[in-house]
Structure formats: structure tokens, C-alpha cells
>>> print(open('upload-v9.cif').read())   # mmCIF, C-alpha atoms, pLDDT in the B column; chains and numbers go by the auth columns
data_entry
loop_
_atom_site.group_PDB
_atom_site.id
_atom_site.type_symbol
_atom_site.label_atom_id
_atom_site.label_comp_id
_atom_site.label_asym_id
_atom_site.label_seq_id
_atom_site.Cartn_x
_atom_site.Cartn_y
_atom_site.Cartn_z
_atom_site.B_iso_or_equiv
_atom_site.auth_seq_id
_atom_site.auth_asym_id
ATOM 1 C CA MET A 1 -33.271 12.766 50.098 71.00 1 A
ATOM 2 C CA ASP A 2 -34.466 15.932 48.363 81.00 2 A
ATOM 3 C CA TRP A 3 -31.495 15.823 45.994 83.00 3 A
ATOM 4 C CA LEU A 4 -32.678 12.461 44.660 87.00 4 A
ATOM 5 C CA TRP A 5 -35.921 14.024 43.438 84.00 5 A
ATOM 6 C CA TRP A 6 -34.011 16.810 41.710 83.00 6 A
ATOM 7 C CA VAL A 7 -31.763 14.258 39.967 80.00 7 A
ATOM 8 C CA LEU A 8 -34.805 12.276 38.837 81.00 8 A
ATOM 9 C CA ILE A 9 -36.523 15.422 37.533 80.00 9 A
ATOM 10 C CA VAL A 10 -33.416 16.450 35.598 76.00 10 A
ATOM 11 C CA PHE A 11 -33.081 12.892 34.245 75.00 11 A
ATOM 12 C CA TRP A 12 -36.739 12.746 33.170 75.00 12 A
ATOM 13 C CA THR A 13 -36.542 16.096 31.378 75.00 13 A
ATOM 14 C CA GLY A 14 -33.514 14.995 29.339 72.00 14 A
ATOM 15 C CA GLY A 15 -30.905 16.927 31.263 68.00 15 A
ATOM 16 C CA PHE A 16 -28.340 14.136 30.936 74.00 16 A
ATOM 17 C CA ALA A 17 -28.686 13.828 27.169 79.00 17 A
ATOM 18 C CA TRP A 18 -25.808 16.258 26.642 76.00 18 A
ATOM 19 C CA ALA A 19 -23.569 14.137 28.894 77.00 19 A
ATOM 20 C CA ALA A 20 -24.474 10.959 27.034 82.00 20 A
ATOM 21 C CA ASP A 21 -23.884 12.700 23.707 87.00 21 A
ATOM 22 C CA ASN A 22 -20.479 13.966 24.838 88.00 22 A
ATOM 23 C CA VAL A 23 -19.444 10.513 26.039 89.00 23 A
ATOM 24 C CA ARG A 24 -20.631 8.911 22.790 93.00 24 A
ATOM 25 C CA THR A 25 -18.730 11.486 20.693 95.00 25 A
ATOM 26 C CA ALA A 26 -15.576 11.054 22.776 96.00 26 A
ATOM 27 C CA LEU A 27 -15.677 7.275 22.400 96.00 27 A
ATOM 28 C CA ARG A 28 -16.245 7.555 18.633 97.00 28 A
ATOM 29 C CA ASN A 29 -13.310 9.967 18.273 97.00 29 A
ATOM 30 C CA ARG A 30 -11.115 7.695 20.375 97.00 30 A
ATOM 31 C CA HIS A 31 -12.031 4.700 18.219 97.00 31 A
ATOM 32 C CA GLU A 32 -11.303 6.583 14.984 97.00 32 A
ATOM 33 C CA ARG A 33 -7.952 7.773 16.334 97.00 33 A
ATOM 34 C CA LYS A 34 -7.025 4.219 17.366 98.00 34 A
ATOM 35 C CA LEU A 35 -7.830 3.010 13.837 97.00 35 A
ATOM 36 C CA GLN A 36 -5.673 5.775 12.356 97.00 36 A
ATOM 37 C CA LEU A 37 -2.769 4.845 14.636 97.00 37 A
ATOM 38 C CA LEU A 38 -3.075 1.160 13.688 97.00 38 A
ATOM 39 C CA GLU A 39 -3.152 2.046 9.981 97.00 39 A
ATOM 40 C CA ALA A 40 -0.107 4.311 10.376 96.00 40 A
ATOM 41 C CA ALA A 41 1.800 1.543 12.169 96.00 41 A
ATOM 42 C CA ASN A 42 0.852 -0.910 9.416 96.00 42 A
ATOM 43 C CA GLN A 43 1.998 1.522 6.691 95.00 43 A
ATOM 44 C CA GLU A 44 5.285 2.068 8.530 94.00 44 A
ATOM 45 C CA ARG A 45 5.839 -1.690 8.787 94.00 45 A
ATOM 46 C CA LEU A 46 5.114 -2.174 5.073 93.00 46 A
ATOM 47 C CA ALA A 47 7.446 0.697 4.150 92.00 47 A
ATOM 48 C CA GLY A 48 10.215 -0.843 6.260 91.00 48 A
ATOM 49 C CA GLU A 49 9.775 -4.208 4.587 89.00 49 A
ATOM 50 C CA ALA A 50 9.815 -2.611 1.134 86.00 50 A
ATOM 51 C CA ALA A 51 12.948 -0.603 1.957 85.00 51 A
ATOM 52 C CA SER A 52 14.870 -3.691 3.027 85.00 52 A
ATOM 53 C CA LYS A 53 14.207 -5.569 -0.233 82.00 53 A
ATOM 54 C CA PRO A 54 16.857 -5.310 -2.948 79.00 54 A
ATOM 55 C CA PRO A 55 15.758 -3.729 -6.234 74.00 55 A
ATOM 56 C CA GLU A 56 14.270 -6.123 -8.765 75.00 56 A
ATOM 57 C CA PRO A 57 16.233 -6.271 -12.032 72.00 57 A
ATOM 58 C CA VAL A 58 13.384 -5.434 -14.393 73.00 58 A
ATOM 59 C CA CYS A 59 13.715 -4.447 -18.040 73.00 59 A
ATOM 60 C CA GLY A 60 11.873 -1.587 -19.715 72.00 60 A
ATOM 61 C CA CYS A 61 9.483 -4.214 -21.090 76.00 61 A
ATOM 62 C CA THR A 62 8.598 -5.054 -17.431 78.00 62 A
ATOM 63 C CA HIS A 63 10.069 -8.564 -17.657 79.00 63 A
ATOM 64 C CA HIS A 64 12.635 -9.884 -15.181 79.00 64 A
ATOM 65 C CA LEU A 65 16.343 -10.097 -16.014 76.00 65 A
ATOM 66 C CA ALA A 66 16.067 -13.893 -16.001 79.00 66 A
ATOM 67 C CA LYS A 67 13.977 -13.658 -19.203 81.00 67 A
ATOM 68 C CA HIS A 68 16.878 -11.999 -21.099 77.00 68 A
ATOM 69 C CA ASP A 69 19.947 -13.648 -22.590 81.00 69 A
ATOM 70 C CA LYS A 70 23.534 -12.319 -22.548 78.00 70 A
ATOM 71 C CA GLN A 71 22.949 -10.189 -25.661 80.00 71 A
ATOM 72 C CA GLY A 72 19.932 -8.471 -24.076 75.00 72 A
ATOM 73 C CA GLN A 73 17.263 -10.247 -26.148 80.00 73 A
ATOM 74 C CA CYS A 74 14.032 -10.905 -24.216 82.00 74 A
ATOM 75 C CA HIS A 75 12.566 -14.417 -24.470 83.00 75 A
ATOM 76 C CA GLU A 76 9.179 -13.792 -22.851 84.00 76 A
ATOM 77 C CA ARG A 77 5.952 -14.468 -24.750 86.00 77 A
ATOM 78 C CA VAL A 78 3.522 -11.518 -24.964 85.00 78 A
ATOM 79 C CA GLU A 79 0.193 -10.715 -26.613 88.00 79 A
ATOM 80 C CA VAL A 80 0.704 -8.840 -29.881 86.00 80 A
ATOM 81 C CA PRO A 81 -2.223 -6.997 -31.535 88.00 81 A
ATOM 82 C CA VAL A 82 -2.988 -8.225 -35.059 89.00 82 A
ATOM 83 C CA ALA A 83 -6.288 -6.451 -35.878 91.00 83 A
ATOM 84 C CA TRP A 84 -7.457 -2.892 -35.204 90.00 84 A
ATOM 85 C CA ASP A 85 -10.758 -1.031 -35.462 91.00 85 A
ATOM 86 C CA GLU A 86 -11.367 2.364 -37.113 91.00 86 A
ATOM 87 C CA ASN A 87 -10.190 4.163 -33.927 91.00 87 A
ATOM 88 C CA LYS A 88 -6.877 2.279 -34.017 89.00 88 A
ATOM 89 C CA LYS A 89 -7.756 0.210 -30.955 91.00 89 A
ATOM 90 C CA PRO A 90 -6.645 -3.436 -30.967 89.00 90 A
ATOM 91 C CA LEU A 91 -9.428 -5.930 -31.625 90.00 91 A
ATOM 92 C CA ARG A 92 -7.533 -9.225 -31.649 91.00 92 A
ATOM 93 C CA TYR A 93 -4.277 -10.449 -30.121 90.00 93 A
ATOM 94 C CA GLU A 94 -1.936 -13.337 -30.862 91.00 94 A
ATOM 95 C CA ALA A 95 0.987 -14.748 -28.901 89.00 95 A
ATOM 96 C CA GLY A 96 4.322 -13.323 -29.940 86.00 96 A
ATOM 97 C CA GLN A 97 7.819 -12.745 -28.635 84.00 97 A
ATOM 98 C CA CYS A 98 8.718 -9.612 -26.695 83.00 98 A
ATOM 99 C CA ASN A 99 10.823 -7.421 -28.980 80.00 99 A
ATOM 100 C CA CYS A 100 12.747 -5.340 -26.449 79.00 100 A
ATOM 101 C CA GLN A 101 16.499 -5.431 -26.995 69.00 101 A
ATOM 102 C CA GLN A 102 18.228 -4.021 -23.965 65.00 102 A
ATOM 103 C CA TYR A 103 18.003 -4.612 -20.222 54.00 103 A
ATOM 104 C CA VAL A 104 17.902 -1.204 -18.493 55.00 104 A
ATOM 105 C CA GLY A 105 17.649 -1.948 -14.781 56.00 105 A
ATOM 106 C CA PRO A 106 19.984 -2.150 -11.807 63.00 106 A
ATOM 107 C CA GLN A 107 22.775 -4.643 -12.256 66.00 107 A
ATOM 108 C CA PRO A 108 22.528 -7.434 -9.678 61.00 108 A
ATOM 109 C CA LEU A 109 25.753 -7.974 -7.778 61.00 109 A
ATOM 110 C CA SER A 110 26.770 -11.528 -6.981 59.00 110 A
ATOM 111 C CA GLN A 111 29.162 -10.365 -4.285 59.00 111 A
ATOM 112 C CA VAL A 112 30.550 -7.073 -3.101 61.00 112 A
ATOM 113 C CA PHE A 113 34.160 -6.529 -2.072 63.00 113 A
ATOM 114 C CA ALA A 114 35.072 -3.576 0.093 66.00 114 A
ATOM 115 C CA GLU A 115 38.496 -3.046 1.608 70.00 115 A
ATOM 116 C CA ASP A 116 38.757 -2.719 5.368 71.00 116 A
ATOM 117 C CA LEU A 117 38.814 0.829 6.605 71.00 117 A
ATOM 118 C CA THR A 118 42.041 1.199 8.586 72.00 118 A
ATOM 119 C CA ASP A 119 44.009 4.145 9.750 69.00 119 A
ATOM 120 C CA LEU A 120 47.504 3.340 8.510 63.00 120 A
ATOM 121 C CA ALA A 121 49.501 6.517 8.791 55.00 121 A
#
>>> encode(input="upload-v9.cif", output="C-alpha cells")
Amino acid sequence: MDWLWWVLIVFWTGGFAWAADNVRTALRNRHERKLQLLEAANQERLAGEAASKPPEPVCGCTHHLAKHDKQGQCHERVEVPVAWDENKKPLRYEAGQCNCQQYVGPQPLSQVFAEDLTDLA
């Protein structure tokens, strides 16, 4: 029963504070590491989804291929500056037509044909 008094004396003098601090620090580090692992898994999932998507056919004017006709003329409406200040910054905009002329993105393929790989010798 003497050991109980020694434990109580050590407890009352703050002898277990270092143990509590170590446990608290270990749990905090574990929690932060778990959050990092979850974020890494989420980033990996998003990267996999992005890699499986086909490229978007986007013109240099940032409009989709569907907004262009066969000659390459863009038919999207954009804001065009019509008034500038003394620093050459636009003050006022009006609606106008996009004036890009050429689609410069990946060509979408409607279907792909590849011959069978055979070993005919």
C-alpha cells in the first residue's frame, strides 16, 4: 500500500504532466497525418478522373468547338471594350462577336479504326 502514496505524491506534484503532454502530442500528430492521407487519396482520385476524360476541343479564344463553323469563324458573343481611361484600361464594354478565326485544339474523333494485330508470317 506504500506504493499508492508514492503514486499520489507524484500525481499531485505534476509528475504525470509529461505523459499527458506526450499522449496529447501523439494524438494530434496522428490526426494530422490521417488528414494528410485523406487529402492525398482525394487528390489521387481527382487526378484519375481528370486523366480519364478526353481533351476538350477548345479554341484559342477559350470557346468550345461547337461555337465555330466549318470555316473556323467563332459565333460566340463576348464583351468588347469601347471606352478607355488615360491608363488605357477599359471603362465600358458592349456585346460583340468573338473575332478569332481558327480553331487550334485537338481534333475530336468520331470513331477510330485500328487493324487487328496478327502475326501472319
>>> atom_distance(input="upload-v9.cif", atom1="atom CA of Val82 of chain A", atom2="atom CA of Cys98 of chain A")
14.5 Å
>>> residues_around(input="upload-v9.cif", residues="Gln97 of chain A", least_positions_apart="2", cutoff="9 Å", atoms="only C-alpha atoms", output="PyMOL selection string")
chain A and resi 74-80+95+99
>>> atom_distance(input="upload-v9.cif", atom1="atom CA of Ala20 of chain A", atom2="atom CA of Leu8 of chain A")
15.7 Å
>>> atom_distance(input="upload-v9.cif", atom1="atom CA of Cys59 of chain A", atom2="atom CA of Gly72 of chain A")
9.6 Å
>>> decode(input="upload-v9.cif", residues="segment 10-23 of chain A", atoms="all heavy atoms", output="PDB file, in the first residue's frame")
ATOM      1  N   VAL A  10       3.462  11.715  -6.587  1.00  0.00           N
ATOM      2  CA  VAL A  10       3.954  12.057  -7.928  1.00  0.00           C
ATOM      3  C   VAL A  10       2.842  12.708  -8.746  1.00  0.00           C
ATOM      4  O   VAL A  10       3.063  13.693  -9.459  1.00  0.00           O
ATOM      5  CB  VAL A  10       4.510  10.798  -8.625  1.00  0.00           C
ATOM      6  CG1 VAL A  10       4.801  11.068 -10.094  1.00  0.00           C
ATOM      7  CG2 VAL A  10       5.757  10.300  -7.920  1.00  0.00           C
ATOM      8  N   PHE A  11       1.627  12.225  -8.645  1.00  0.00           N
ATOM      9  CA  PHE A  11       0.488  12.785  -9.366  1.00  0.00           C
ATOM     10  C   PHE A  11       0.203  14.214  -8.906  1.00  0.00           C
ATOM     11  O   PHE A  11      -0.041  15.106  -9.709  1.00  0.00           O
ATOM     12  CB  PHE A  11      -0.736  11.893  -9.169  1.00  0.00           C
ATOM     13  CG  PHE A  11      -1.956  12.391  -9.880  1.00  0.00           C
ATOM     14  CD1 PHE A  11      -2.036  12.336 -11.259  1.00  0.00           C
ATOM     15  CD2 PHE A  11      -3.015  12.934  -9.171  1.00  0.00           C
ATOM     16  CE1 PHE A  11      -3.158  12.800 -11.916  1.00  0.00           C
ATOM     17  CE2 PHE A  11      -4.134  13.399  -9.817  1.00  0.00           C
ATOM     18  CZ  PHE A  11      -4.214  13.332 -11.192  1.00  0.00           C
ATOM     19  N   TRP A  12       0.239  14.441  -7.604  1.00  0.00           N
ATOM     20  CA  TRP A  12      -0.058  15.774  -7.057  1.00  0.00           C
ATOM     21  C   TRP A  12       1.021  16.791  -7.421  1.00  0.00           C
ATOM     22  O   TRP A  12       0.753  17.963  -7.556  1.00  0.00           O
ATOM     23  CB  TRP A  12      -0.207  15.716  -5.534  1.00  0.00           C
ATOM     24  CG  TRP A  12      -1.498  15.106  -5.086  1.00  0.00           C
ATOM     25  CD1 TRP A  12      -2.688  15.148  -5.711  1.00  0.00           C
ATOM     26  CD2 TRP A  12      -1.700  14.371  -3.891  1.00  0.00           C
ATOM     27  NE1 TRP A  12      -3.637  14.476  -5.000  1.00  0.00           N
ATOM     28  CE2 TRP A  12      -3.047  13.981  -3.853  1.00  0.00           C
ATOM     29  CE3 TRP A  12      -0.879  13.979  -2.837  1.00  0.00           C
ATOM     30  CZ2 TRP A  12      -3.604  13.245  -2.825  1.00  0.00           C
ATOM     31  CZ3 TRP A  12      -1.439  13.253  -1.808  1.00  0.00           C
ATOM     32  CH2 TRP A  12      -2.787  12.880  -1.814  1.00  0.00           C
ATOM     33  N   THR A  13       2.249  16.353  -7.565  1.00  0.00           N
ATOM     34  CA  THR A  13       3.331  17.284  -7.901  1.00  0.00           C
ATOM     35  C   THR A  13       3.474  17.495  -9.407  1.00  0.00           C
ATOM     36  O   THR A  13       4.370  18.201  -9.846  1.00  0.00           O
ATOM     37  CB  THR A  13       4.669  16.778  -7.335  1.00  0.00           C
ATOM     38  OG1 THR A  13       4.946  15.487  -7.875  1.00  0.00           O
ATOM     39  CG2 THR A  13       4.637  16.745  -5.817  1.00  0.00           C
ATOM     40  N   GLY A  14       2.602  16.924 -10.195  1.00  0.00           N
ATOM     41  CA  GLY A  14       2.632  17.130 -11.646  1.00  0.00           C
ATOM     42  C   GLY A  14       3.564  16.195 -12.369  1.00  0.00           C
ATOM     43  O   GLY A  14       3.991  16.490 -13.489  1.00  0.00           O
ATOM     44  N   GLY A  15       3.890  15.097 -11.818  1.00  0.00           N
ATOM     45  CA  GLY A  15       4.812  14.149 -12.424  1.00  0.00           C
ATOM     46  C   GLY A  15       4.265  13.473 -13.664  1.00  0.00           C
ATOM     47  O   GLY A  15       5.025  12.987 -14.488  1.00  0.00           O
ATOM     48  N   PHE A  16       2.942  13.429 -13.808  1.00  0.00           N
ATOM     49  CA  PHE A  16       2.345  12.786 -14.980  1.00  0.00           C
ATOM     50  C   PHE A  16       2.013  13.772 -16.091  1.00  0.00           C
ATOM     51  O   PHE A  16       1.457  13.399 -17.106  1.00  0.00           O
ATOM     52  CB  PHE A  16       1.090  12.020 -14.583  1.00  0.00           C
ATOM     53  CG  PHE A  16       1.379  10.828 -13.711  1.00  0.00           C
ATOM     54  CD1 PHE A  16       0.951  10.782 -12.401  1.00  0.00           C
ATOM     55  CD2 PHE A  16       2.098   9.764 -14.215  1.00  0.00           C
ATOM     56  CE1 PHE A  16       1.220   9.679 -11.610  1.00  0.00           C
ATOM     57  CE2 PHE A  16       2.366   8.661 -13.431  1.00  0.00           C
ATOM     58  CZ  PHE A  16       1.934   8.620 -12.116  1.00  0.00           C
ATOM     59  N   ALA A  17       2.360  15.026 -15.903  1.00  0.00           N
ATOM     60  CA  ALA A  17       2.080  16.033 -16.926  1.00  0.00           C
ATOM     61  C   ALA A  17       2.836  15.721 -18.209  1.00  0.00           C
ATOM     62  O   ALA A  17       2.307  15.908 -19.308  1.00  0.00           O
ATOM     63  CB  ALA A  17       2.434  17.421 -16.416  1.00  0.00           C
ATOM     64  N   TRP A  18       4.075  15.240 -18.088  1.00  0.00           N
ATOM     65  CA  TRP A  18       4.838  14.914 -19.293  1.00  0.00           C
ATOM     66  C   TRP A  18       4.192  13.771 -20.058  1.00  0.00           C
ATOM     67  O   TRP A  18       4.187  13.758 -21.291  1.00  0.00           O
ATOM     68  CB  TRP A  18       6.289  14.575 -18.941  1.00  0.00           C
ATOM     69  CG  TRP A  18       6.416  13.335 -18.096  1.00  0.00           C
ATOM     70  CD1 TRP A  18       6.400  13.256 -16.749  1.00  0.00           C
ATOM     71  CD2 TRP A  18       6.526  11.996 -18.572  1.00  0.00           C
ATOM     72  NE1 TRP A  18       6.493  11.952 -16.333  1.00  0.00           N
ATOM     73  CE2 TRP A  18       6.582  11.147 -17.441  1.00  0.00           C
ATOM     74  CE3 TRP A  18       6.592  11.416 -19.834  1.00  0.00           C
ATOM     75  CZ2 TRP A  18       6.696   9.773 -17.535  1.00  0.00           C
ATOM     76  CZ3 TRP A  18       6.720  10.041 -19.924  1.00  0.00           C
ATOM     77  CH2 TRP A  18       6.771   9.229 -18.784  1.00  0.00           C
ATOM     78  N   ALA A  19       3.615  12.802 -19.343  1.00  0.00           N
ATOM     79  CA  ALA A  19       2.943  11.679 -20.014  1.00  0.00           C
ATOM     80  C   ALA A  19       1.695  12.168 -20.735  1.00  0.00           C
ATOM     81  O   ALA A  19       1.440  11.793 -21.887  1.00  0.00           O
ATOM     82  CB  ALA A  19       2.590  10.602 -19.001  1.00  0.00           C
ATOM     83  N   ALA A  20       0.926  13.023 -20.073  1.00  0.00           N
ATOM     84  CA  ALA A  20      -0.278  13.556 -20.707  1.00  0.00           C
ATOM     85  C   ALA A  20       0.082  14.404 -21.919  1.00  0.00           C
ATOM     86  O   ALA A  20      -0.591  14.335 -22.961  1.00  0.00           O
ATOM     87  CB  ALA A  20      -1.080  14.366 -19.696  1.00  0.00           C
ATOM     88  N   ASP A  21       1.153  15.178 -21.812  1.00  0.00           N
ATOM     89  CA  ASP A  21       1.592  16.006 -22.933  1.00  0.00           C
ATOM     90  C   ASP A  21       2.051  15.146 -24.106  1.00  0.00           C
ATOM     91  O   ASP A  21       1.738  15.432 -25.267  1.00  0.00           O
ATOM     92  CB  ASP A  21       2.711  16.940 -22.473  1.00  0.00           C
ATOM     93  CG  ASP A  21       3.060  17.957 -23.543  1.00  0.00           C
ATOM     94  OD1 ASP A  21       2.123  18.506 -24.157  1.00  0.00           O
ATOM     95  OD2 ASP A  21       4.266  18.196 -23.755  1.00  0.00           O
ATOM     96  N   ASN A  22       2.777  14.080 -23.821  1.00  0.00           N
ATOM     97  CA  ASN A  22       3.220  13.174 -24.884  1.00  0.00           C
ATOM     98  C   ASN A  22       2.048  12.493 -25.573  1.00  0.00           C
ATOM     99  O   ASN A  22       2.025  12.347 -26.797  1.00  0.00           O
ATOM    100  CB  ASN A  22       4.177  12.119 -24.315  1.00  0.00           C
ATOM    101  CG  ASN A  22       5.545  12.698 -24.033  1.00  0.00           C
ATOM    102  OD1 ASN A  22       5.869  13.778 -24.493  1.00  0.00           O
ATOM    103  ND2 ASN A  22       6.339  11.968 -23.268  1.00  0.00           N
ATOM    104  N   VAL A  23       1.069  12.069 -24.806  1.00  0.00           N
ATOM    105  CA  VAL A  23      -0.115  11.425 -25.389  1.00  0.00           C
ATOM    106  C   VAL A  23      -0.883  12.427 -26.244  1.00  0.00           C
ATOM    107  O   VAL A  23      -1.305  12.112 -27.359  1.00  0.00           O
ATOM    108  CB  VAL A  23      -1.010  10.827 -24.277  1.00  0.00           C
ATOM    109  CG1 VAL A  23      -2.354  10.403 -24.828  1.00  0.00           C
ATOM    110  CG2 VAL A  23      -0.314   9.652 -23.613  1.00  0.00           C
TER     111      VAL A  23
END
